[in-house]
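Worksheet: one structure, shown below.
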Amino acid sequence: MNPGRTRWDPQHGRWETTARGRAVLADPRLNKGTAFPHDERHALGLVGLLPPHALTLEQQAARAYTQYGVQPSDLAKHVYLTALHDRNEVLFHRLIADHLDEMLPIVYTPTVGTAIERYSYEYRRPRGVYLSVDAPEEIERSLLATELGADDVDLIVATDGEAILGIGDWGVGGINISVGKLALYTAAAGIDPARTIPVMLDVGTNRSRLQEDPLYLGNRHPRAERAAYDTFLDAYVETATRLFPHVVLHWEDFAADNARRVLARFRDRVPTFNDDIQGTGAVNLAAVLSGVRASGTPLPGHRIVVFGAGTAGIGVADQLRRALADEGLTPEDAARRIWCVDRYGLLTDEMTGLRDFQAPYARPAGEAAGWARDAALGGIPLAEVVHRVAPTVLIGTSGRGGAFTEAIVREMAASVQRPIILPMSNPTPLAEAVPADLLAWTGGRALVATGSPFPPVPYDGVVHRIGQANNAFVFPGLGLGSIVCRAARITDGMLTAAAHAVAAQVDPAEPGTPILPPARQLRPVSAAVAVAVARAAARDGVARAVVDDTIDSRVRAAMWCADYRPVQAV
Ligand SMILES: NC(=O)c1ccc[n+]([C@@H]2O[C@H](COP(=O)([O-])OP(=O)(O)OC[C@H]3O[C@@H](n4cnc5c(N)ncnc54)[C@H](O)[C@@H]3O)[C@@H](O)[C@H]2O)c1
Ligand SMILES: O=C(O)C[C@H](O)C(=O)O
Ligand SMILES: [Mg+2]
């Protein structure tokens, strides 16, 4: 079977291919299955290879939805969608677009977590590009194997699989988070899937169970030491940006130290962002701003506790601090409104082992001198911090399911009318509290949003819909805006703009209204985020394309939709 050459012809809005027959059906970009019209069947050598009657995309999507519906578990649904993705990309994206609310938890958190854990068992076909720390010299050849040229790639999502959601090191299975994020880019922001690449940066795994598993598909050695790791990442960024000069580089699910280091190393050189630090920081800021509006107290009047001071937690704190500074506070005063609690308790400046990115939030030891310490923990626990600080905002980025206990939440709610409580950890079992409990413990007063999706909670005659404080509300629009304005860098100003754009999409004044928009509005929300991001890029002097009054329509015109395009035999 000769796969032939296939390219997208933007001028005519069609695929051109030298492939014929079964090679066409085997290419998920080209394959329309039973929807191939008769003229294309003839031109592409498909006559006789398909049953005679041609269906429409809508009919195919309805059939696929039925097939999806009879899958016995969420993992089976994920596997079904993955197989569909590998057969027919347009149909996959159409199905997701038609059922976004329902399928988001399957292609994305929480089920993507299970799929990552089960990767080497559920494996059917490869997707994306797998790069190995043991062969940095193969990076160029591997990226070129996609057959994509210099002008063909807008976006790469890469992970090293060390800190997947809150479930830790899953090695090569992490490719599924890159794939899942890209599915969201397309569903939410209409990023053309053919112009993206999911990448697995396989630097090994420290999970011995994977190293010893005969079916494990990744490198079977411990994670590379720092020098080899850095050489590999340098080579990846150098090669990717040389081959694809317009590419935006998205980093996902790196462990905290590498996440910070890698971002700091490249953010002033190329358009790049870390989703867990910056995307999360921005969606959290959106949720806080929206909750703050509902609470009636302006932001500087709030006391914020962040539980879990790692990649996401400090990313969240950094953007809150900037938002407070925007309200006129000095950076020091802004940091004083934020109390961070990590695995050894409240961060204080007498702590040993404080990480450099945590240091700005360390409280002066004197402030907490008389506070109760927990001997087993080795520091001041969350309960004591809540007792002493009386926070108005409580954020969970710890990956510790159930950490916001009834006692803690009741204590918080005793001194604040509308407590803003955001258990952001994923997947679902790791949420610091579940919305039904939070509403029960606060007499329905809590303003809640969660990292993974939760169903609405009826309480005292009001149905409370639960917003999803997930970076999915930010990264798709951030990517789209950056691509459309050809951003040379991704600045803090672009992230703040994204947060404000998300917050502007909701009016949480009505009882029961979520503080973030519903997932089914991801597309208009992402368009608004993209416009705000492009404008901010222009203000910050990093937009390489013109950003003027036409930016709104240009963003919308750039959004890809899941429809079949003509396939031209050449
Ligand atoms: N909703 C979102 O958009 C979003 C985005 C990114 C991350 N997250 C979630 O946040 C969680 C953390 O992710 P991360 O990438 O920041 O991981 P991380 O490992 O960098 O950070 C977790 C932090 O929690 C601390 N911690 C662990 N046990 C603790 C305990 N008992 N008490 C207090 N702190 C404790 C760790 O020391 C670490 O600093 C994950 O569950 C992840 O899914 C959510
Ligand atoms: O992937 C998600 O659902 C959000 C976030 O990036 C996470 O790591 O939890
Ligand atoms: Mg993540």
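Labeling convention for the structure tokens: chains A, B, ... as they appear, residues from 1 per chain, ligands from 1 in order of appearance.
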Per residue of chain A within 7 Å of ligand 1, note the shortest atom pair and the distance in Å to one decimal, counting only C-alpha atoms and all ligand atoms, and order the rows by chain and increasing residue number, as CSV.
```
residue,atom,partner,partner_atom_place_in_ligand_line,distance
A:Ala163,CA,ligand 1,15 (O),6.0
A:Leu165,CA,ligand 1,43 (O),3.5
A:Gly166,CA,ligand 1,41 (O),3.3
A:Asp253,CA,ligand 1,15 (O),6.1
A:Ala255,CA,ligand 1,20 (O),5.6
A:Ala256,CA,ligand 1,20 (O),4.3
A:Asp276,CA,ligand 1,6 (C),4.2
A:Ile277,CA,ligand 1,6 (C),6.9
A:Thr280,CA,ligand 1,3 (O),4.6
A:Val283,CA,ligand 1,3 (O),6.9
A:Phe307,CA,ligand 1,33 (C),5.7
A:Gly308,CA,ligand 1,24 (O),3.5
A:Ala309,CA,ligand 1,39 (O),4.4
A:Gly310,CA,ligand 1,21 (O),3.3
A:Thr311,CA,ligand 1,16 (O),3.7
A:Ala312,CA,ligand 1,16 (O),3.6
A:Gly313,CA,ligand 1,16 (O),5.6
A:Val341,CA,ligand 1,33 (C),5.7
A:Asp342,CA,ligand 1,34 (N),3.5
A:Arg343,CA,ligand 1,34 (N),3.7
A:Tyr344,CA,ligand 1,33 (C),6.8
A:Gly345,CA,ligand 1,33 (C),6.4
A:Thr397,CA,ligand 1,10 (O),3.9
A:Ser398,CA,ligand 1,24 (O),3.6
A:Gly399,CA,ligand 1,41 (O),3.6
A:Arg400,CA,ligand 1,31 (N),6.0
A:Met424,CA,ligand 1,1 (N),4.2
A:Ser425,CA,ligand 1,41 (O),3.5
A:Asn426,CA,ligand 1,43 (O),3.5
A:Pro427,CA,ligand 1,43 (O),5.9
A:Leu430,CA,ligand 1,41 (O),6.1
A:Thr450,CA,ligand 1,1 (N),6.7
A:Gly451,CA,ligand 1,1 (N),3.5
A:Ser452,CA,ligand 1,1 (N),6.8
A:Ala469,CA,ligand 1,1 (N),5.2
A:Asn470,CA,ligand 1,3 (O),3.3
A:Asn471,CA,ligand 1,3 (O),4.0
A:Ala472,CA,ligand 1,3 (O),6.8
```
Output of the above residues as a short mmCIF file (atom, residue, chain, number, x, y, z; two decimals), in the first residue's frame, restricted to N, CA and C atoms:
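Below you can see result_20.cif, which holds the result:
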```cif
data_model
loop_
_atom_site.label_atom_id
_atom_site.label_comp_id
_atom_site.auth_asym_id
_atom_site.auth_seq_id
_atom_site.Cartn_x
_atom_site.Cartn_y
_atom_site.Cartn_z
N ALA A 163 3.92 14.61 35.82
CA ALA A 163 2.91 15.05 36.79
C ALA A 163 1.56 15.16 36.09
N LEU A 165 -2.15 15.31 35.56
CA LEU A 165 -3.23 15.75 36.46
C LEU A 165 -2.68 15.70 37.88
N GLY A 166 -3.41 15.04 38.81
CA GLY A 166 -2.85 14.84 40.15
C GLY A 166 -2.37 13.42 40.38
N ASP A 253 1.72 19.25 32.17
CA ASP A 253 1.90 18.20 33.20
C ASP A 253 3.35 17.81 33.43
N ALA A 255 6.50 18.11 36.23
CA ALA A 255 6.62 18.28 37.67
C ALA A 255 7.09 19.71 37.96
N ALA A 256 6.80 20.16 39.19
CA ALA A 256 6.89 21.59 39.50
C ALA A 256 8.22 22.23 39.12
N ASP A 276 -0.30 24.39 33.14
CA ASP A 276 -0.61 24.14 34.56
C ASP A 276 -0.29 25.35 35.42
N ILE A 277 0.76 26.09 35.05
CA ILE A 277 1.09 27.30 35.80
C ILE A 277 0.20 28.46 35.35
N THR A 280 -3.89 27.61 34.31
CA THR A 280 -4.60 27.40 35.56
C THR A 280 -4.70 28.71 36.35
N VAL A 283 -7.50 30.76 34.70
CA VAL A 283 -8.90 30.33 34.92
C VAL A 283 -9.26 30.52 36.39
N PHE A 307 -4.27 26.06 48.93
CA PHE A 307 -3.85 24.78 49.54
C PHE A 307 -3.23 23.90 48.46
N GLY A 308 -1.90 23.65 48.59
CA GLY A 308 -1.17 22.93 47.55
C GLY A 308 -0.36 23.94 46.77
N ALA A 309 0.90 24.17 47.20
CA ALA A 309 1.70 25.25 46.62
C ALA A 309 2.72 24.70 45.63
N GLY A 310 2.23 23.96 44.64
CA GLY A 310 3.11 23.40 43.61
C GLY A 310 2.97 24.18 42.31
N THR A 311 3.03 23.45 41.19
CA THR A 311 2.95 24.07 39.87
C THR A 311 1.70 24.95 39.76
N ALA A 312 0.56 24.32 39.98
CA ALA A 312 -0.71 25.03 39.80
C ALA A 312 -0.90 26.06 40.91
N GLY A 313 -0.66 25.67 42.15
CA GLY A 313 -0.94 26.55 43.30
C GLY A 313 -0.17 27.87 43.21
N VAL A 341 -0.43 27.04 51.66
CA VAL A 341 -0.24 25.88 52.54
C VAL A 341 0.21 24.72 51.67
N ASP A 342 1.32 24.08 52.06
CA ASP A 342 1.78 22.93 51.29
C ASP A 342 1.87 21.70 52.19
N ARG A 343 2.59 20.69 51.76
CA ARG A 343 2.53 19.41 52.48
C ARG A 343 3.07 19.50 53.91
N TYR A 344 3.91 20.52 54.21
CA TYR A 344 4.39 20.70 55.58
C TYR A 344 3.71 21.89 56.25
N GLY A 345 2.55 22.26 55.73
CA GLY A 345 1.77 23.31 56.36
C GLY A 345 2.01 24.68 55.74
N THR A 397 -5.30 23.10 45.18
CA THR A 397 -4.46 22.63 44.08
C THR A 397 -3.43 21.64 44.64
N SER A 398 -3.91 20.75 45.49
CA SER A 398 -3.03 19.85 46.24
C SER A 398 -3.06 18.41 45.72
N GLY A 399 -4.12 18.06 44.97
CA GLY A 399 -4.30 16.66 44.61
C GLY A 399 -4.64 15.79 45.82
N ARG A 400 -5.14 16.42 46.89
CA ARG A 400 -5.50 15.66 48.10
C ARG A 400 -7.01 15.63 48.25
N MET A 424 -9.76 22.63 42.93
CA MET A 424 -9.38 22.57 41.51
C MET A 424 -8.68 21.27 41.11
N SER A 425 -8.41 20.39 42.08
CA SER A 425 -7.61 19.21 41.75
C SER A 425 -8.38 18.20 40.89
N ASN A 426 -7.66 17.58 39.99
CA ASN A 426 -8.18 16.56 39.08
C ASN A 426 -7.38 15.27 39.26
N PRO A 427 -7.88 14.12 38.82
CA PRO A 427 -9.27 13.91 38.39
C PRO A 427 -10.23 13.90 39.58
N LEU A 430 -9.81 13.33 43.37
CA LEU A 430 -8.81 14.15 44.06
C LEU A 430 -9.34 15.54 44.43
N THR A 450 -15.13 23.78 40.38
CA THR A 450 -14.27 22.60 40.57
C THR A 450 -13.44 22.32 39.32
N GLY A 451 -12.30 21.67 39.48
CA GLY A 451 -11.44 21.35 38.34
C GLY A 451 -12.06 20.36 37.38
N SER A 452 -12.68 19.31 37.93
CA SER A 452 -13.36 18.31 37.10
C SER A 452 -14.86 18.61 37.12
N ALA A 469 -13.69 25.05 37.03
CA ALA A 469 -12.48 25.91 37.08
C ALA A 469 -11.33 25.11 36.50
N ASN A 470 -11.38 24.97 35.20
CA ASN A 470 -10.38 24.16 34.50
C ASN A 470 -9.74 25.02 33.43
N ASN A 471 -8.43 24.84 33.26
CA ASN A 471 -7.73 25.66 32.27
C ASN A 471 -8.28 25.49 30.85
N ALA A 472 -9.19 24.55 30.66
CA ALA A 472 -9.84 24.40 29.35
C ALA A 472 -10.56 25.68 28.92
#
```
Neighbours of range 431-438 of chain A within 6 Å (only C-alpha atoms; same-chain residues fewer than 5 positions away dropped), as a PyMOL selection string?
chain A and resi 400-404+423+425+457
Could you pull out the strand (DSSP E) residues of range 398-553 of chain A, going by DSSP on the backbone, and write them as a list in words?
Ile420, Ile421, Leu422, Pro423, Leu447, Val448, Ala449, Thr450, Val457, Pro458, Tyr459, Val462, Val463, His464, Gly467 and Gln468 of chain A
In range 109-237 of chain A, DSSP alpha helix (DSSP H) residues written as a compact mmCIF listing (two decimals) with N, CA and C atoms, in the first residue's frame:
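Writing done, so here's part14.txt:
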```
# COMPACT_ATOMS: atom_id res chain seq x y z
N THR A 111 -11.67 11.12 32.60
CA THR A 111 -11.39 9.81 32.01
C THR A 111 -10.02 9.74 31.35
N VAL A 112 -9.53 10.88 30.84
CA VAL A 112 -8.21 10.83 30.20
C VAL A 112 -7.16 10.32 31.21
N GLY A 113 -7.37 10.58 32.49
CA GLY A 113 -6.44 10.08 33.51
C GLY A 113 -6.41 8.55 33.52
N THR A 114 -7.56 7.93 33.48
CA THR A 114 -7.62 6.47 33.43
C THR A 114 -6.98 5.95 32.15
N ALA A 115 -7.25 6.64 31.05
CA ALA A 115 -6.68 6.20 29.76
C ALA A 115 -5.16 6.27 29.79
N ILE A 116 -4.63 7.25 30.50
CA ILE A 116 -3.17 7.38 30.60
C ILE A 116 -2.60 6.23 31.45
N GLU A 117 -3.26 5.94 32.55
CA GLU A 117 -2.79 4.82 33.39
C GLU A 117 -2.83 3.50 32.62
N TYR A 119 -2.56 3.13 29.30
CA TYR A 119 -2.10 3.37 27.92
C TYR A 119 -1.52 2.12 27.26
N SER A 120 -0.59 1.48 27.92
CA SER A 120 0.11 0.36 27.27
C SER A 120 -0.79 -0.86 27.12
N TYR A 121 -1.92 -0.88 27.80
CA TYR A 121 -2.89 -1.99 27.66
C TYR A 121 -3.95 -1.71 26.61
N GLU A 122 -4.38 -0.45 26.54
CA GLU A 122 -5.45 -0.10 25.60
C GLU A 122 -4.91 0.37 24.26
N ILE A 139 15.41 13.85 16.84
CA ILE A 139 14.26 14.76 16.99
C ILE A 139 13.83 15.32 15.63
N GLU A 140 14.81 15.79 14.87
CA GLU A 140 14.46 16.42 13.59
C GLU A 140 13.78 15.42 12.66
N ARG A 141 14.39 14.25 12.54
CA ARG A 141 13.82 13.24 11.66
C ARG A 141 12.40 12.86 12.11
N SER A 142 12.20 12.78 13.41
CA SER A 142 10.89 12.38 13.94
C SER A 142 9.84 13.44 13.65
N LEU A 143 10.18 14.71 13.84
CA LEU A 143 9.21 15.76 13.56
C LEU A 143 8.94 15.86 12.06
N LEU A 144 9.97 15.62 11.26
CA LEU A 144 9.77 15.66 9.80
C LEU A 144 8.95 14.48 9.31
N ILE A 175 1.31 10.79 26.57
CA ILE A 175 0.95 11.28 25.23
C ILE A 175 -0.55 11.59 25.17
N ASN A 176 -1.33 10.83 25.94
CA ASN A 176 -2.78 11.04 25.88
C ASN A 176 -3.21 12.40 26.45
N ILE A 177 -2.39 13.02 27.31
CA ILE A 177 -2.79 14.35 27.78
C ILE A 177 -2.51 15.37 26.66
N SER A 178 -1.44 15.15 25.89
CA SER A 178 -1.19 16.04 24.76
C SER A 178 -2.31 15.90 23.73
N VAL A 179 -2.73 14.66 23.48
CA VAL A 179 -3.80 14.42 22.52
C VAL A 179 -5.12 15.02 23.03
N GLY A 180 -5.40 14.82 24.33
CA GLY A 180 -6.65 15.32 24.91
C GLY A 180 -6.72 16.84 24.88
N LYS A 181 -5.61 17.50 25.22
CA LYS A 181 -5.59 18.97 25.19
C LYS A 181 -5.83 19.45 23.76
N LEU A 182 -5.24 18.76 22.78
CA LEU A 182 -5.43 19.19 21.38
C LEU A 182 -6.87 18.97 20.92
N ALA A 183 -7.51 17.92 21.41
CA ALA A 183 -8.93 17.73 21.07
C ALA A 183 -9.74 18.92 21.58
N LEU A 184 -9.37 19.40 22.78
CA LEU A 184 -10.05 20.57 23.33
C LEU A 184 -9.74 21.84 22.55
N TYR A 185 -8.50 21.98 22.10
CA TYR A 185 -8.15 23.14 21.28
C TYR A 185 -9.08 23.21 20.06
N THR A 186 -9.34 22.06 19.47
CA THR A 186 -10.18 22.06 18.28
C THR A 186 -11.65 22.27 18.65
N ALA A 187 -12.12 21.55 19.67
CA ALA A 187 -13.53 21.67 20.05
C ALA A 187 -13.84 23.08 20.53
N ALA A 188 -12.95 23.66 21.34
CA ALA A 188 -13.26 24.92 22.00
C ALA A 188 -12.89 26.12 21.14
N ALA A 189 -11.74 26.05 20.47
CA ALA A 189 -11.24 27.25 19.78
C ALA A 189 -11.11 27.05 18.28
N SER A 208 8.38 2.32 39.13
CA SER A 208 9.06 1.04 38.89
C SER A 208 8.09 0.02 38.28
N ARG A 209 6.82 0.13 38.66
CA ARG A 209 5.83 -0.81 38.11
C ARG A 209 5.79 -0.71 36.58
N LEU A 210 5.95 0.49 36.04
CA LEU A 210 5.95 0.63 34.59
C LEU A 210 7.25 0.06 34.00
N GLN A 211 8.36 0.38 34.65
CA GLN A 211 9.66 -0.12 34.14
C GLN A 211 9.66 -1.64 34.03
N GLU A 212 8.95 -2.26 34.96
CA GLU A 212 8.99 -3.74 35.00
C GLU A 212 7.85 -4.38 34.21
N ARG A 226 19.39 15.84 35.28
CA ARG A 226 19.11 17.18 34.80
C ARG A 226 19.89 17.55 33.53
N ALA A 227 21.18 17.21 33.46
CA ALA A 227 21.97 17.65 32.30
C ALA A 227 21.43 17.03 31.01
N ALA A 228 21.16 15.73 31.05
CA ALA A 228 20.64 15.07 29.85
C ALA A 228 19.24 15.59 29.52
N TYR A 229 18.46 15.84 30.56
CA TYR A 229 17.10 16.36 30.39
C TYR A 229 17.15 17.72 29.69
N ASP A 230 18.02 18.60 30.19
CA ASP A 230 18.09 19.95 29.62
C ASP A 230 18.60 19.94 28.18
N THR A 231 19.58 19.08 27.92
CA THR A 231 20.09 18.97 26.55
C THR A 231 18.97 18.55 25.60
N PHE A 232 18.19 17.56 26.06
CA PHE A 232 17.08 17.04 25.26
C PHE A 232 16.03 18.12 25.02
N LEU A 233 15.65 18.85 26.07
CA LEU A 233 14.62 19.88 25.89
C LEU A 233 15.11 21.03 25.03
N ASP A 234 16.38 21.40 25.21
CA ASP A 234 16.95 22.44 24.34
C ASP A 234 16.87 22.00 22.88
N ALA A 235 17.23 20.74 22.65
CA ALA A 235 17.23 20.23 21.27
C ALA A 235 15.80 20.21 20.72
N TYR A 236 14.85 19.84 21.56
CA TYR A 236 13.45 19.82 21.11
C TYR A 236 12.99 21.22 20.71
N VAL A 237 13.23 22.21 21.58
CA VAL A 237 12.74 23.56 21.29
C VAL A 237 13.47 24.14 20.08
```
Selected residue, from A:Val133, A:Val172, A:Ala282, A:Met351, that lies nearest to Glu225 in chain A when counting only C-alpha atoms
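Closest candidate: A:Val133.
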Show which residues sit within 7 Å of Val567 in chain A, as a ChimeraX atom specification. Count only C-alpha atoms, and ignore same-chain residues fewer than 6 positions away.
/A:14-16,30,40
Excluding Val153 in chain A and any residue of its chain fewer than 4 positions from it, enumerate the residues within 10 Å of it, using only C-alpha atoms, and give them as a PyMOL selection string.
chain A and resi 148-149+192-197+240+243-248
Those selected residues, please, written with C-alpha atoms and delivered as a tab-separated table (two decimals), in the first residue's frame.
```
chain	number	residue	atom	x	y	z
A	148	LEU	CA	4.49	18.81	7.82
A	149	GLY	CA	6.37	21.78	6.40
A	192	ASP	CA	-7.23	23.18	12.83
A	193	PRO	CA	-6.26	19.67	14.00
A	194	ALA	CA	-4.13	19.09	10.90
A	195	ARG	CA	-1.90	21.99	11.99
A	196	THR	CA	-1.06	20.60	15.43
A	197	ILE	CA	1.24	17.91	16.82
A	240	ALA	CA	10.65	22.47	16.64
A	243	LEU	CA	11.30	23.47	11.44
A	244	PHE	CA	8.05	25.29	12.27
A	245	PRO	CA	8.90	28.97	12.73
A	246	HIS	CA	5.34	30.04	13.67
A	247	VAL	CA	4.70	27.33	16.23
A	248	VAL	CA	3.28	28.01	19.71
```
